[in-house]
file protein25.cif (mmCIF, C-alpha atoms)
data_coords
#
loop_
_atom_site.label_atom_id
_atom_site.label_comp_id
_atom_site.auth_asym_id
_atom_site.auth_seq_id
_atom_site.Cartn_x
_atom_site.Cartn_y
_atom_site.Cartn_z
CA MET A 2 -53.78 79.45 -31.16
CA LYS A 3 -54.76 78.58 -27.59
CA ARG A 4 -58.17 79.22 -26.16
CA SER A 5 -56.96 82.05 -23.94
CA ASP A 6 -55.43 83.80 -26.96
CA ILE A 7 -58.71 83.60 -28.83
CA LEU A 8 -60.59 85.03 -25.87
CA ASP A 9 -58.06 87.86 -25.56
CA ARG A 10 -58.42 88.67 -29.22
CA LEU A 11 -62.21 88.69 -29.08
CA SER A 12 -62.35 90.78 -25.92
CA VAL A 13 -61.31 93.80 -27.97
CA TYR A 14 -64.84 93.93 -29.30
CA LYS A 15 -67.03 95.55 -26.71
CA GLY A 16 -70.14 95.79 -28.81
CA GLY A 17 -70.83 99.44 -27.96
CA GLY A 18 -71.42 101.16 -24.66
CA VAL A 19 -68.96 102.10 -21.99
CA ALA A 20 -67.48 99.30 -19.95
CA THR A 21 -67.58 99.66 -16.24
CA ASP A 22 -66.09 97.43 -13.61
CA GLU A 23 -69.41 95.78 -13.00
CA ALA A 24 -70.04 95.26 -16.67
CA VAL A 25 -66.79 93.47 -17.48
CA PRO A 26 -67.76 89.88 -18.33
CA SER A 27 -66.27 87.08 -16.34
CA TYR A 28 -64.08 84.42 -17.89
CA GLN A 29 -66.98 81.99 -17.70
CA TYR A 30 -69.16 84.48 -19.51
CA TYR A 31 -66.72 84.59 -22.41
CA LEU A 32 -66.24 80.86 -22.28
CA SER A 33 -69.92 79.98 -22.47
CA ARG A 34 -70.30 82.21 -25.48
CA LEU A 35 -67.15 81.00 -27.15
CA HIS A 36 -68.78 77.67 -27.96
CA SER A 37 -71.80 79.23 -29.63
CA MET A 38 -69.63 81.81 -31.40
CA ARG A 39 -67.34 79.09 -32.69
CA GLU A 40 -70.37 77.14 -33.85
CA PHE A 41 -71.60 80.18 -35.73
CA ALA A 42 -68.24 80.80 -37.37
CA ILE A 43 -67.70 77.17 -38.42
CA ARG A 44 -71.17 76.96 -39.92
CA GLU A 45 -70.62 80.19 -41.79
CA GLU A 46 -67.23 78.99 -43.00
CA PHE A 47 -68.80 75.74 -44.20
CA ARG A 48 -71.57 77.66 -45.95
CA ARG A 49 -69.01 79.74 -47.83
CA ASP A 50 -66.46 77.06 -48.67
CA GLY A 51 -68.54 73.88 -48.73
CA VAL A 52 -65.89 71.97 -46.78
CA ILE A 53 -64.81 71.70 -43.17
CA ASN A 54 -61.53 73.38 -42.35
CA PRO A 55 -59.16 70.69 -41.01
CA ALA A 56 -58.11 73.02 -38.18
CA ASN A 57 -61.55 72.54 -36.63
CA TYR A 58 -61.18 68.80 -36.26
CA GLN A 59 -60.29 66.93 -33.10
CA ASN A 60 -59.41 63.30 -32.57
CA HIS A 61 -61.44 61.27 -30.11
CA TRP A 62 -60.65 57.64 -29.45
CA LEU A 63 -63.51 55.23 -28.90
CA GLU A 64 -62.56 53.09 -25.93
CA TYR A 65 -64.37 49.87 -25.11
CA ASP A 66 -66.00 50.19 -21.72
CA GLU A 67 -67.22 46.98 -20.14
CA GLU A 68 -69.57 48.83 -17.82
CA LEU A 69 -71.46 50.24 -20.78
CA ASN A 70 -71.81 46.96 -22.64
CA GLN A 71 -73.22 43.51 -22.11
CA ASP A 72 -71.84 40.44 -23.77
CA ASP A 73 -74.99 39.64 -25.71
CA CYS A 74 -76.04 43.12 -26.77
CA ARG A 75 -76.81 43.85 -30.40
CA PHE A 76 -75.02 47.19 -30.40
CA TYR A 77 -71.90 48.17 -28.57
CA LEU A 78 -71.85 51.59 -27.00
CA PHE A 79 -68.89 53.95 -27.00
CA ARG A 80 -68.84 57.37 -25.42
CA CYS A 81 -68.48 60.16 -27.95
CA PRO A 82 -68.97 63.83 -27.07
CA LYS A 83 -71.54 65.83 -28.95
CA ILE A 84 -70.70 66.63 -32.57
CA LEU A 85 -71.35 69.97 -34.18
CA GLN A 86 -74.18 69.93 -36.72
CA LEU A 87 -73.21 72.05 -39.70
CA THR A 88 -76.47 72.08 -41.62
CA ASN A 89 -79.64 70.03 -41.54
CA ARG A 90 -77.89 67.69 -43.91
CA ASP A 91 -74.24 67.72 -42.90
CA SER A 92 -72.72 66.85 -39.59
CA GLY A 93 -69.25 67.60 -38.34
CA PHE A 94 -68.02 64.04 -38.74
CA GLY A 95 -64.82 63.74 -40.69
CA TYR A 96 -63.57 60.20 -40.18
CA VAL A 97 -64.95 57.33 -38.14
CA GLY A 98 -63.03 54.12 -38.37
CA SER A 99 -60.10 52.09 -37.22
CA GLU A 100 -57.53 53.51 -34.86
CA ASP A 101 -54.87 53.87 -37.54
CA GLY A 102 -57.15 56.07 -39.67
CA MET A 103 -56.99 53.76 -42.66
CA SER A 104 -60.24 51.81 -42.55
CA GLN A 105 -63.59 53.56 -42.41
CA TYR A 106 -66.70 52.21 -40.73
CA ASN A 107 -70.07 52.48 -42.42
CA LEU A 108 -71.10 55.71 -40.75
CA PHE A 109 -74.70 56.69 -40.15
CA THR A 110 -74.98 60.05 -38.48
CA SER A 111 -78.25 59.30 -36.74
CA PRO A 112 -80.27 56.26 -35.66
CA GLU A 113 -82.90 57.23 -38.26
CA ARG A 114 -80.41 57.04 -41.10
CA PHE A 115 -79.12 53.77 -39.75
CA ALA A 116 -82.65 52.34 -39.67
CA VAL A 117 -83.31 53.42 -43.26
CA ALA A 118 -80.04 51.94 -44.47
CA GLN A 119 -80.83 48.62 -42.81
CA GLY A 120 -83.34 48.12 -45.61
CA HIS A 121 -80.48 47.76 -48.05
CA ARG A 122 -78.10 44.85 -48.16
CA PHE A 123 -75.04 47.10 -48.35
CA ALA A 124 -75.65 48.21 -44.79
CA LYS A 125 -75.04 44.67 -43.64
CA LEU A 126 -71.94 43.82 -45.58
CA GLY A 127 -69.83 40.99 -44.24
CA ASN A 128 -67.45 42.07 -41.57
CA LYS A 129 -67.69 45.77 -42.29
CA ILE A 130 -68.42 47.66 -39.07
CA SER A 131 -71.42 49.96 -39.01
CA ALA A 132 -71.50 52.94 -36.69
CA ALA A 133 -74.53 55.02 -35.78
CA TYR A 134 -74.29 58.15 -33.68
CA ASP A 135 -76.92 58.87 -31.05
CA TRP A 136 -77.06 62.63 -30.53
CA GLU A 137 -79.15 62.53 -27.39
CA GLU A 138 -77.10 60.00 -25.49
CA GLU A 139 -73.82 61.16 -27.00
CA MET A 140 -72.94 57.59 -27.82
CA MET A 141 -71.52 55.88 -30.86
CA LYS A 142 -73.25 52.56 -31.49
CA LEU A 143 -71.22 49.91 -33.29
CA ASN A 144 -72.57 46.60 -34.52
CA GLN A 145 -69.31 44.90 -33.58
CA PRO A 146 -67.11 45.30 -30.53
CA VAL A 147 -63.77 46.99 -31.11
CA LYS A 148 -61.04 47.64 -28.65
CA ARG A 149 -60.28 51.09 -29.91
CA GLY A 150 -61.58 53.25 -32.73
CA LEU A 151 -61.03 56.77 -33.93
CA VAL A 152 -63.52 59.59 -34.43
CA ARG A 153 -62.17 62.66 -36.17
CA ALA A 154 -64.82 65.34 -36.07
CA VAL A 155 -65.77 68.88 -35.17
CA PHE A 156 -66.99 68.64 -31.60
CA LEU A 157 -69.53 71.05 -30.20
CA ARG A 158 -67.52 71.64 -27.04
CA PRO A 159 -63.84 70.96 -27.65
CA GLU A 160 -63.19 70.68 -23.91
CA ASP A 161 -65.42 67.58 -23.75
CA VAL A 162 -62.88 65.54 -25.67
CA PRO A 163 -60.91 63.68 -22.99
CA THR A 164 -57.53 64.01 -24.67
CA PHE A 165 -57.85 67.76 -25.20
CA ASN A 166 -55.73 69.84 -22.81
CA VAL A 167 -56.90 73.40 -22.94
CA ASP A 168 -53.66 74.80 -21.49
CA ILE A 169 -51.34 73.07 -23.93
CA ASP A 170 -53.27 72.19 -27.10
CA ASP A 171 -54.30 74.62 -29.78
CA TYR A 172 -57.98 75.35 -29.70
CA PRO A 173 -59.68 73.65 -32.67
CA PHE A 174 -60.74 76.82 -34.36
CA SER A 175 -59.43 77.88 -37.72
CA ALA A 176 -57.93 81.31 -38.37
CA LYS A 177 -60.49 81.78 -41.12
CA GLY A 178 -63.29 81.05 -38.67
CA LEU A 179 -61.89 83.57 -36.23
CA GLU A 180 -61.82 86.19 -38.97
CA ILE A 181 -65.43 85.42 -39.82
CA LEU A 182 -66.32 85.78 -36.16
CA GLU A 183 -64.55 89.11 -35.79
CA GLU A 184 -66.22 90.36 -38.93
CA ALA A 185 -69.64 89.34 -37.64
CA ILE A 186 -69.06 91.01 -34.27
CA SER A 187 -67.75 94.25 -35.74
CA LYS A 188 -70.69 94.41 -38.14
CA GLY A 189 -73.12 93.74 -35.34
CA THR A 190 -74.37 90.51 -36.89
CA ILE A 191 -73.72 88.89 -33.58
CA ASN A 192 -73.17 90.85 -30.44
CA TYR A 193 -72.48 88.45 -27.69
CA ILE A 194 -69.76 90.42 -26.07
CA LEU A 195 -70.58 92.83 -23.29
CA ARG A 196 -74.18 93.76 -23.78
CA VAL A 197 -74.97 95.95 -20.75
CA PRO A 198 -78.66 95.84 -19.81
CA GLN A 199 -80.39 99.07 -20.70
CA ASP A 200 -81.58 101.17 -17.81
CA LYS A 201 -84.91 102.47 -18.97
CA VAL A 202 -85.97 103.84 -15.60
CA SER A 203 -85.22 107.46 -15.05
CA ASN A 204 -82.93 108.21 -12.18
CA SER A 205 -85.58 110.41 -10.67
CA ASN A 206 -87.87 107.39 -10.35
CA THR A 207 -85.95 105.00 -8.19
CA ASP A 208 -87.53 101.88 -6.84
CA ALA A 209 -87.90 103.48 -3.48
CA ASP A 210 -89.78 106.39 -4.99
CA LEU A 211 -92.07 104.05 -6.87
CA LEU A 212 -92.96 102.24 -3.71
CA LYS A 213 -93.98 105.48 -2.11
CA THR A 214 -96.46 106.28 -4.87
CA PRO A 215 -99.89 105.84 -3.31
CA ASN A 216 -101.78 104.90 -6.46
CA ARG A 217 -99.45 102.12 -7.47
CA MET B 23 -61.89 36.64 -68.14
CA ARG B 24 -59.71 39.61 -67.41
CA TYR B 25 -58.24 39.29 -63.98
CA THR B 26 -57.12 42.84 -63.37
CA THR B 27 -59.84 44.09 -61.07
CA ILE B 28 -60.02 46.96 -58.64
CA PRO B 29 -62.47 47.54 -55.79
CA ILE B 30 -65.43 49.79 -56.43
CA SER B 31 -64.15 52.08 -53.70
CA ASN B 32 -61.71 53.45 -56.31
CA ALA B 33 -64.59 55.00 -58.22
CA ILE B 34 -66.18 56.28 -55.01
CA SER B 35 -62.95 57.96 -53.90
CA ARG B 36 -62.58 59.56 -57.31
CA ALA B 37 -66.17 60.79 -57.29
CA LYS B 38 -65.78 62.22 -53.78
CA MET B 39 -62.78 64.20 -54.97
CA GLU B 40 -64.77 65.56 -57.90
CA LEU B 41 -67.78 66.36 -55.75
CA ASN B 42 -65.72 68.12 -53.09
CA LEU B 43 -66.77 65.60 -50.45
CA GLU B 44 -63.38 64.58 -49.17
CA HIS B 45 -64.07 66.03 -45.74
CA THR B 46 -66.84 63.57 -44.89
CA GLN B 47 -67.85 59.95 -45.13
CA GLU B 48 -71.46 60.76 -44.39
CA TYR B 49 -72.72 59.82 -47.84
CA ASP B 50 -70.57 56.75 -48.42
CA PRO B 51 -73.36 54.18 -48.02
CA TYR B 52 -75.43 56.02 -50.63
CA LEU B 53 -72.45 56.37 -52.96
CA LEU B 54 -71.79 52.66 -52.67
CA ILE B 55 -75.32 51.84 -53.73
CA ILE B 56 -75.28 54.05 -56.82
CA ALA B 57 -71.79 52.89 -57.76
CA ASN B 58 -73.09 49.36 -57.79
CA ASP B 59 -76.01 50.49 -59.95
CA ALA B 60 -73.61 51.95 -62.48
CA LEU B 61 -71.68 48.74 -62.72
CA MET B 62 -74.86 46.77 -63.33
CA HIS B 63 -75.76 49.11 -66.21
CA ILE B 64 -72.52 48.45 -68.01
CA GLY B 65 -73.36 44.77 -68.32
CA SER B 66 -69.83 43.48 -68.65
CA VAL B 67 -69.60 39.72 -69.05
CA ASP B 68 -66.73 39.78 -66.57
CA GLN B 69 -69.19 40.66 -63.86
CA ILE B 70 -70.32 37.02 -63.81
CA SER B 71 -67.80 34.30 -63.11
CA GLU B 72 -67.48 30.90 -61.48
CA HIS B 73 -66.43 30.65 -57.86
CA SER B 74 -65.73 27.95 -55.33
CA ALA B 75 -65.23 28.04 -51.57
CA VAL B 76 -65.64 25.94 -48.43
CA TYR B 77 -68.36 26.93 -45.98
CA ASP B 78 -69.25 25.74 -42.50
CA ILE B 79 -72.61 24.06 -41.97
CA VAL B 80 -74.24 25.47 -38.86
CA ASP B 81 -77.55 23.96 -37.75
CA ASN B 82 -77.96 22.35 -41.17
CA LYS B 83 -77.66 25.76 -42.80
CA VAL B 84 -75.06 27.43 -44.98
CA SER B 85 -75.08 31.16 -45.67
CA LEU B 86 -75.22 31.94 -49.35
CA PRO B 87 -72.07 33.47 -50.78
CA ALA B 88 -72.13 37.17 -51.54
CA GLY B 89 -73.12 37.95 -55.12
CA LEU B 90 -74.50 34.48 -55.84
CA VAL B 91 -76.49 34.16 -59.05
CA SER B 92 -76.88 30.42 -59.40
CA LEU B 93 -75.57 27.37 -57.61
CA LEU B 94 -73.68 24.97 -59.85
CA ALA B 95 -72.73 22.21 -57.47
CA PHE B 96 -71.73 21.36 -53.96
CA ILE B 97 -69.86 18.63 -52.24
CA PHE B 98 -69.33 17.74 -48.60
CA VAL B 99 -65.72 18.00 -47.49
CA ASP B 100 -63.86 17.09 -44.33
CA ASP B 101 -61.74 19.45 -42.23
CA ASP B 102 -58.87 19.16 -44.67
CA GLY B 103 -61.07 20.07 -47.63
CA CYS B 104 -61.06 16.55 -49.08
CA PRO B 105 -64.33 15.43 -50.71
CA SER B 106 -66.54 13.21 -48.67
CA GLY B 107 -69.18 12.33 -51.25
CA SER B 108 -70.04 12.71 -54.86
CA GLY B 109 -73.24 14.69 -54.80
CA TYR B 110 -73.74 17.63 -57.11
CA VAL B 111 -76.46 19.86 -58.45
CA ASP B 112 -75.91 20.43 -62.10
CA GLU B 113 -76.81 23.72 -63.74
CA THR B 114 -79.74 24.23 -61.45
CA LYS B 115 -80.80 27.81 -60.98
CA ILE B 116 -81.29 28.02 -57.28
CA LEU B 117 -83.05 31.36 -57.52
CA LYS B 118 -85.74 29.89 -59.74
CA GLY B 119 -87.07 27.38 -57.27
CA PRO B 120 -86.29 24.36 -55.16
CA VAL B 121 -83.48 22.15 -56.27
CA GLY B 122 -84.27 18.53 -57.00
CA GLY B 123 -82.18 15.45 -57.31
CA TRP B 124 -81.11 15.12 -53.72
CA LEU B 125 -83.84 12.92 -52.42
CA ASP B 126 -81.85 9.85 -53.46
CA TRP B 127 -79.26 10.77 -50.89
CA GLY B 128 -81.83 11.68 -48.29
CA TYR B 129 -81.26 15.41 -48.56
CA SER B 130 -83.09 18.27 -50.08
CA ILE B 131 -81.99 21.82 -50.38
CA GLN B 132 -83.74 25.15 -50.62
CA ALA B 133 -82.82 28.78 -50.70
CA ASN B 134 -84.84 31.09 -48.54
CA ASP B 135 -85.05 34.84 -48.05
CA GLY B 136 -82.41 34.82 -45.38
CA GLY B 137 -79.78 34.00 -47.97
CA GLN B 138 -79.16 30.50 -46.67
CA ILE B 139 -79.10 27.00 -48.02
CA VAL B 140 -81.02 24.72 -45.72
CA PHE B 141 -80.22 21.03 -45.72
CA ASP B 142 -83.45 19.33 -44.83
CA CYS B 143 -82.10 15.93 -43.95
CA SER B 144 -83.47 13.06 -41.99
CA ALA B 145 -80.04 11.68 -41.23
CA ASP B 146 -76.98 13.58 -40.01
CA LEU B 147 -74.93 15.29 -42.66
CA PRO B 148 -71.73 13.46 -43.59
CA THR B 149 -69.45 16.35 -42.56
CA GLU B 150 -69.64 19.83 -41.08
CA LYS B 151 -68.26 21.59 -44.13
CA VAL B 152 -69.38 21.93 -47.69
CA ARG B 153 -67.66 23.22 -50.80
CA LEU B 154 -69.94 25.29 -53.00
CA PHE B 155 -69.45 25.91 -56.69
CA TRP B 156 -71.48 28.80 -57.95
CA GLU B 157 -71.83 31.34 -60.67
CA GLY B 158 -71.77 34.75 -59.16
CA ARG B 159 -71.06 38.37 -59.57
CA LEU B 160 -67.49 39.52 -59.23
CA VAL B 161 -67.45 40.73 -55.62
CA ASP B 162 -65.03 41.18 -52.78
CA LYS B 163 -65.43 39.57 -49.36
CA TYR B 164 -67.94 42.25 -48.36
CA GLY B 165 -70.20 41.56 -51.33
CA VAL B 166 -69.18 44.79 -53.02
CA SER B 167 -68.60 44.62 -56.74
CA LEU B 168 -65.16 44.56 -58.24
CA MET B 169 -64.57 46.20 -61.57
CA HIS B 170 -62.00 46.86 -64.25
CA GLU B 171 -59.74 49.86 -64.17
CA MET B 172 -61.24 51.12 -67.40
CA GLU B 173 -64.69 51.32 -65.83
CA GLU B 174 -63.60 53.64 -63.03
CA ARG B 175 -64.24 56.87 -64.89
CA GLY B 176 -67.70 55.86 -66.04
CA VAL B 177 -68.80 54.70 -62.60
CA ALA B 178 -67.42 57.85 -60.99
CA ALA B 179 -69.29 60.00 -63.52
CA TYR B 180 -72.53 58.19 -62.71
CA ILE B 181 -72.00 58.74 -58.97
CA CYS B 182 -71.34 62.44 -59.59
CA TYR B 183 -74.44 62.75 -61.74
CA LYS B 184 -76.78 61.02 -59.30
CA PHE B 185 -75.37 62.76 -56.24
CA ALA B 186 -75.43 66.21 -57.81
CA ARG B 187 -79.01 65.64 -58.87
CA ARG B 188 -79.93 64.70 -55.32
CA PHE B 189 -78.39 67.90 -53.92
CA PRO B 190 -78.93 70.44 -56.71
CA SER B 191 -78.23 73.40 -54.44
CA LEU B 192 -74.60 72.34 -54.10
CA TYR B 193 -73.85 71.97 -57.81
CA ASP B 194 -75.01 74.11 -60.68
CA ARG B 195 -77.03 72.78 -63.57
CA GLY B 196 -74.11 72.96 -65.98
CA MET B 197 -72.07 70.64 -63.79
CA ILE B 198 -74.93 68.19 -63.47
CA GLY B 199 -75.30 68.21 -67.26
CA ASP B 200 -71.59 67.61 -67.71
CA PHE B 201 -71.66 64.67 -65.31
CA LYS B 202 -74.60 63.21 -67.19
CA LYS B 203 -72.92 63.63 -70.54
CA GLU B 204 -69.71 62.06 -69.29
CA TRP B 205 -71.63 59.10 -67.87
CA GLU B 206 -73.58 58.57 -71.09
CA ASN B 207 -70.46 58.67 -73.23
CA GLN B 208 -68.57 56.38 -70.90
CA LYS B 209 -71.46 53.97 -70.71
CA ARG B 210 -71.69 53.80 -74.48
CA PHE B 211 -67.98 53.09 -74.73
CA LEU B 212 -68.02 50.50 -71.97
CA ARG B 213 -71.05 48.69 -73.33
CA ALA B 214 -69.30 48.38 -76.66
CA ASP B 215 -66.17 47.15 -74.94
CA ALA B 216 -68.23 44.64 -72.97
CA VAL B 217 -69.76 43.23 -76.15
CA VAL B 218 -66.38 42.90 -77.84
CA ASN B 219 -64.89 41.28 -74.77
CA SER B 220 -67.83 38.91 -74.47
CA TYR B 221 -67.25 37.82 -78.08
CA ARG B 222 -63.53 37.33 -77.45
CA GLN B 223 -64.18 35.16 -74.43
CA ASN B 224 -66.76 33.05 -76.16
CA ARG B 225 -64.94 32.88 -79.49
CA GLY B 226 -63.69 29.37 -78.84
CA LYS B 227 -67.14 28.08 -78.03
CA ILE B 228 -68.69 29.83 -80.99
CA GLN B 229 -66.06 28.34 -83.26
CA ASP B 230 -66.70 24.88 -81.87
CA LEU B 231 -70.42 25.17 -82.38
CA TRP B 232 -70.05 26.55 -85.87
CA ASN B 233 -67.60 23.87 -86.93
CA ALA B 234 -69.80 21.15 -85.46
CA TYR B 235 -72.75 22.48 -87.38
CA VAL B 236 -70.98 22.97 -90.69
CA VAL B 237 -68.64 20.00 -90.96
CA TYR B 238 -70.25 17.76 -88.34
CA LYS B 239 -67.20 17.37 -86.17
CA PRO B 240 -67.43 16.40 -82.54
CA PHE B 241 -67.15 19.24 -80.00
CA GLY B 242 -63.69 20.22 -78.86
CA ASN B 243 -61.86 18.89 -81.89
CA SER B 244 -62.26 21.85 -84.19
#

call {"tool": "encode", "arguments": {"input": "protein25.cif", "output": "structure tokens"}}
result
Amino acid sequence: MKRSDILDRLSVYKGGGVATDEAVPSYQYYLSRLHSMREFAIREEFRRDGVINPANYQNHWLEYDEELNQDDCRFYLFRCPKILQLTNRDSGFGYVGSEDGMSQYNLFTSPERFAVAQGHRFAKLGNKISAAYDWEEEMMKLNQPVKRGLVRAVFLRPEDVPTFNVDIDDYPFSAKGLEILEEAISKGTINYILRVPQDKVSNSNTDADLLKTPNR
Amino acid sequence: MRYTTIPISNAISRAKMELNLEHTQEYDPYLLIIANDALMHIGSVDQISEHSAVYDIVDNKVSLPAGLVSLLAFIFVDDDGCPSGSGYVDETKILKGPVGGWLDWGYSIQANDGGQIVFDCSADLPTEKVRLFWEGRLVDKYGVSLMHEMEERGVAAYICYKFARRFPSLYDRGMIGDFKKEWENQKRFLRADAVVNSYRQNRGKIQDLWNAYVVYKPFGNS
């Protein structure tokens, strides 16, 4: 299902109130909320099932960029868009390893975990590549240079993945997640769609009238 | 020595399937550590064996092989692997202290915390390569233990038990108990197997010793 289809499907839910021309959300409005809504649904799906639905994954290839790296650096940096954090414990990483998907790197989902693991000899095994993800810089740090690697993960903003074409590719959002989202909206658990600001000022007290009040 | 070994990753993969962790590799370093623990507990004699390999000498230093327990001997070799001397260190436990016997040749050797052998020599070393003979744990090139196929289930059960105990909210107490029971039963079975196998492997030596003691025959002719 493409992104536009998902937005069409969700736009059915108005969240109460009467829509007027002025109140109809823009495409950007929907779009900005789609990321957070998808995040909510995937987390909820993970909480229920305990696994990540494969439909939520995207492939991102780590490309060696000479501008990012120096010859003598200890870690080699690779751009990697922000990953979705499922719980405090689990991240959205599925596979991080060689390009062919057959050989995993030693993955550490944060620099802290990497630092802790450095205390153990298994973190420094022979030629095995270690990878640590830096959430702030959105970089994957490898202890060895590679020409090309593969990250298969749930990304926070699917559009950030360079190879993702929003007009052609299916949006990485599972049908189950969409159902969870629709359920949450219809129940009022989340109500991102079309919340018209409440007008608490009586029509008889317009701004102009208020200004005229001498004691104000 | 039974030569049919499999990498420890077999047990980890199996445990991940049982623990419903196939979607992530986030815990793999931890799983690797506890898998190695399990293998140590079993105490199979096959875990220790003799090895030999050629290493480069860089700045008078040689990195210790993965899984080394004790150094048996070493010899300098040329680029083709042919011996270039006759030095050896016989049955010296390198982890128990400095190795002696090399001063006659003008060398001494020590193991330090960095996992290296340092040749402290006044003269240049004869060659740039050395062949080490050592007794070590059965490991792959990454230093990760290898194991027998029969041990897979036990190691996987131990991983499941330890992991489930670390994250009790994900697995109920009954499951944790089952994992523990499976590990204990498997461990008991594997320990027994290890003892029997150890006897089988050493049967020849035991026979030799016994015959020598009883009928006073020279070793090896029993």

call {"tool": "axis_aligned_box", "arguments": {"input": "protein25.cif", "around": "segment 157-164 of chain A", "padding_each_side": "5 Å", "output": "lines of an AutoDock Vina configuration file"}}
result
center_x = -63.5
center_y = 67.7
center_z = -26.6
size_x = 22.0
size_y = 18.0
size_z = 17.2

call {"tool": "resolve_selection", "arguments": {"input": "protein25.cif", "expression": "the PyMOL selection byres ((chain A and resi 89) around 12)", "output": "ChimeraX atom specification"}}
result
/A:44,48,85-88,90-93,110-111

call {"tool": "resolve_selection", "arguments": {"input": "protein25.cif", "expression": "the PyMOL selection byres ((chain B and resi 54-58) around 8)", "output": "list in words"}}
result
Phe123 of chain A; Ile30, Ser31, Ala33, Ile34, Asp50, Pro51, Tyr52, Leu53, Asp59, Ala60, Leu61, Met62, Val166, Ser167, Val177, Ala178, Tyr180, Ile181 and Lys184 of chain B

call {"tool": "interface_residues", "arguments": {"input": "protein25.cif", "of": "chain A", "to": "chain B", "cutoff": "12 Å", "atoms": "all atoms listed in the file", "output": "PyMOL selection string"}}
result
chain A and resi 47-58+87+90-98+104-111+114-115+117-134+152-155

call {"tool": "residues_around", "arguments": {"input": "protein25.cif", "residues": "Gly137 of chain B", "least_positions_apart": "3", "cutoff": "10 Å", "atoms": "only C-alpha atoms", "output": "PDB file with C-alpha atoms, in the coordinates of the input"}}
result
ATOM      1  CA  LYS B  83     -77.660  25.760 -42.800  1.00  0.00           C
ATOM      2  CA  VAL B  84     -75.060  27.430 -44.980  1.00  0.00           C
ATOM      3  CA  SER B  85     -75.080  31.160 -45.670  1.00  0.00           C
ATOM      4  CA  LEU B  86     -75.220  31.940 -49.350  1.00  0.00           C
ATOM      5  CA  PRO B  87     -72.070  33.470 -50.780  1.00  0.00           C
ATOM      6  CA  ALA B  88     -72.130  37.170 -51.540  1.00  0.00           C
ATOM      7  CA  LEU B  90     -74.500  34.480 -55.840  1.00  0.00           C
ATOM      8  CA  ALA B 133     -82.820  28.780 -50.700  1.00  0.00           C
ATOM      9  CA  ASN B 134     -84.840  31.090 -48.540  1.00  0.00           C
ATOM     10  CA  VAL B 140     -81.020  24.720 -45.720  1.00  0.00           C
TER      11      VAL B 140
END

call {"tool": "atom_distance", "arguments": {"input": "protein25.cif", "atom1": "atom CA of Arg213 of chain B", "atom2": "atom CA of Glu40 of chain B"}}
result
23.7 Å

call {"tool": "resolve_selection", "arguments": {"input": "protein25.cif", "expression": "the PyMOL selection byres ((chain B and resi 103) around 12)", "output": "list in words"}}
result
Ser74, Ala75, Val76, Tyr77, Asp78, Ile97, Phe98, Val99, Asp100, Asp101, Asp102, Cys104, Pro105, Ser106, Gly107, Thr149, Glu150, Lys151, Val152, Arg153 and Leu154 of chain B

call {"tool": "atom_distance", "arguments": {"input": "protein25.cif", "atom1": "atom CA of Asp66 of chain A", "atom2": "atom CA of Glu138 of chain A"}}
result
15.3 Å

call {"tool": "residues_around", "arguments": {"input": "protein25.cif", "residues": "Phe165 of chain A", "least_positions_apart": "2", "cutoff": "12 Å", "atoms": "only C-alpha atoms", "output": "list of chain:residue names"}}
result
A:Lys3, A:Arg4, A:Tyr58, A:Gln59, A:Asn60, A:His61, A:Trp62, A:Pro82, A:Phe156, A:Arg158, A:Pro159, A:Glu160, A:Asp161, A:Val162, A:Pro163, A:Val167, A:Asp168, A:Ile169, A:Asp170, A:Asp171, A:Tyr172, A:Pro173

call {"tool": "residues_around", "arguments": {"input": "protein25.cif", "residues": "Ile70 of chain B", "least_positions_apart": "6", "cutoff": "6 Å", "atoms": "all atoms listed in the file", "output": "ChimeraX atom specification"}}
result
/B:158-160

call {"tool": "atom_distance", "arguments": {"input": "protein25.cif", "atom1": "atom CA of Glu157 of chain B", "atom2": "atom CA of Gly89 of chain B"}}
result
8.7 Å

call {"tool": "residues_around", "arguments": {"input": "protein25.cif", "residues": "segment 176-192 of chain A", "least_positions_apart": "5", "cutoff": "8 Å", "atoms": "only C-alpha atoms", "output": "list of chain:residue names"}}
result
A:Leu11, A:Tyr14, A:Gly16, A:Met38, A:Arg39, A:Phe41, A:Ala42, A:Ile43, A:Glu45, A:Glu46

call {"tool": "write_last_selection", "arguments": {"input": "protein25.cif", "atoms": "C-alpha atoms", "output": "PDB file, in the coordinates of the input"}}
result
ATOM      1  CA  LEU A  11     -62.210  88.690 -29.080  1.00  0.00           C
ATOM      2  CA  TYR A  14     -64.840  93.930 -29.300  1.00  0.00           C
ATOM      3  CA  GLY A  16     -70.140  95.790 -28.810  1.00  0.00           C
ATOM      4  CA  MET A  38     -69.630  81.810 -31.400  1.00  0.00           C
ATOM      5  CA  ARG A  39     -67.340  79.090 -32.690  1.00  0.00           C
ATOM      6  CA  PHE A  41     -71.600  80.180 -35.730  1.00  0.00           C
ATOM      7  CA  ALA A  42     -68.240  80.800 -37.370  1.00  0.00           C
ATOM      8  CA  ILE A  43     -67.700  77.170 -38.420  1.00  0.00           C
ATOM      9  CA  GLU A  45     -70.620  80.190 -41.790  1.00  0.00           C
ATOM     10  CA  GLU A  46     -67.230  78.990 -43.000  1.00  0.00           C
TER      11      GLU A  46
END

call {"tool": "residues_near_point", "arguments": {"input": "protein25.cif", "point": "(-69.8, 58.2, -27.0)", "cutoff": "9 Å", "atoms": "all atoms listed in the file", "output": "list in words"}}
result
Leu63, Glu64, Leu78, Phe79, Arg80, Cys81, Pro82, Lys83, Tyr134, Asp135, Glu138, Glu139, Met140, Met141 and Lys142 of chain A
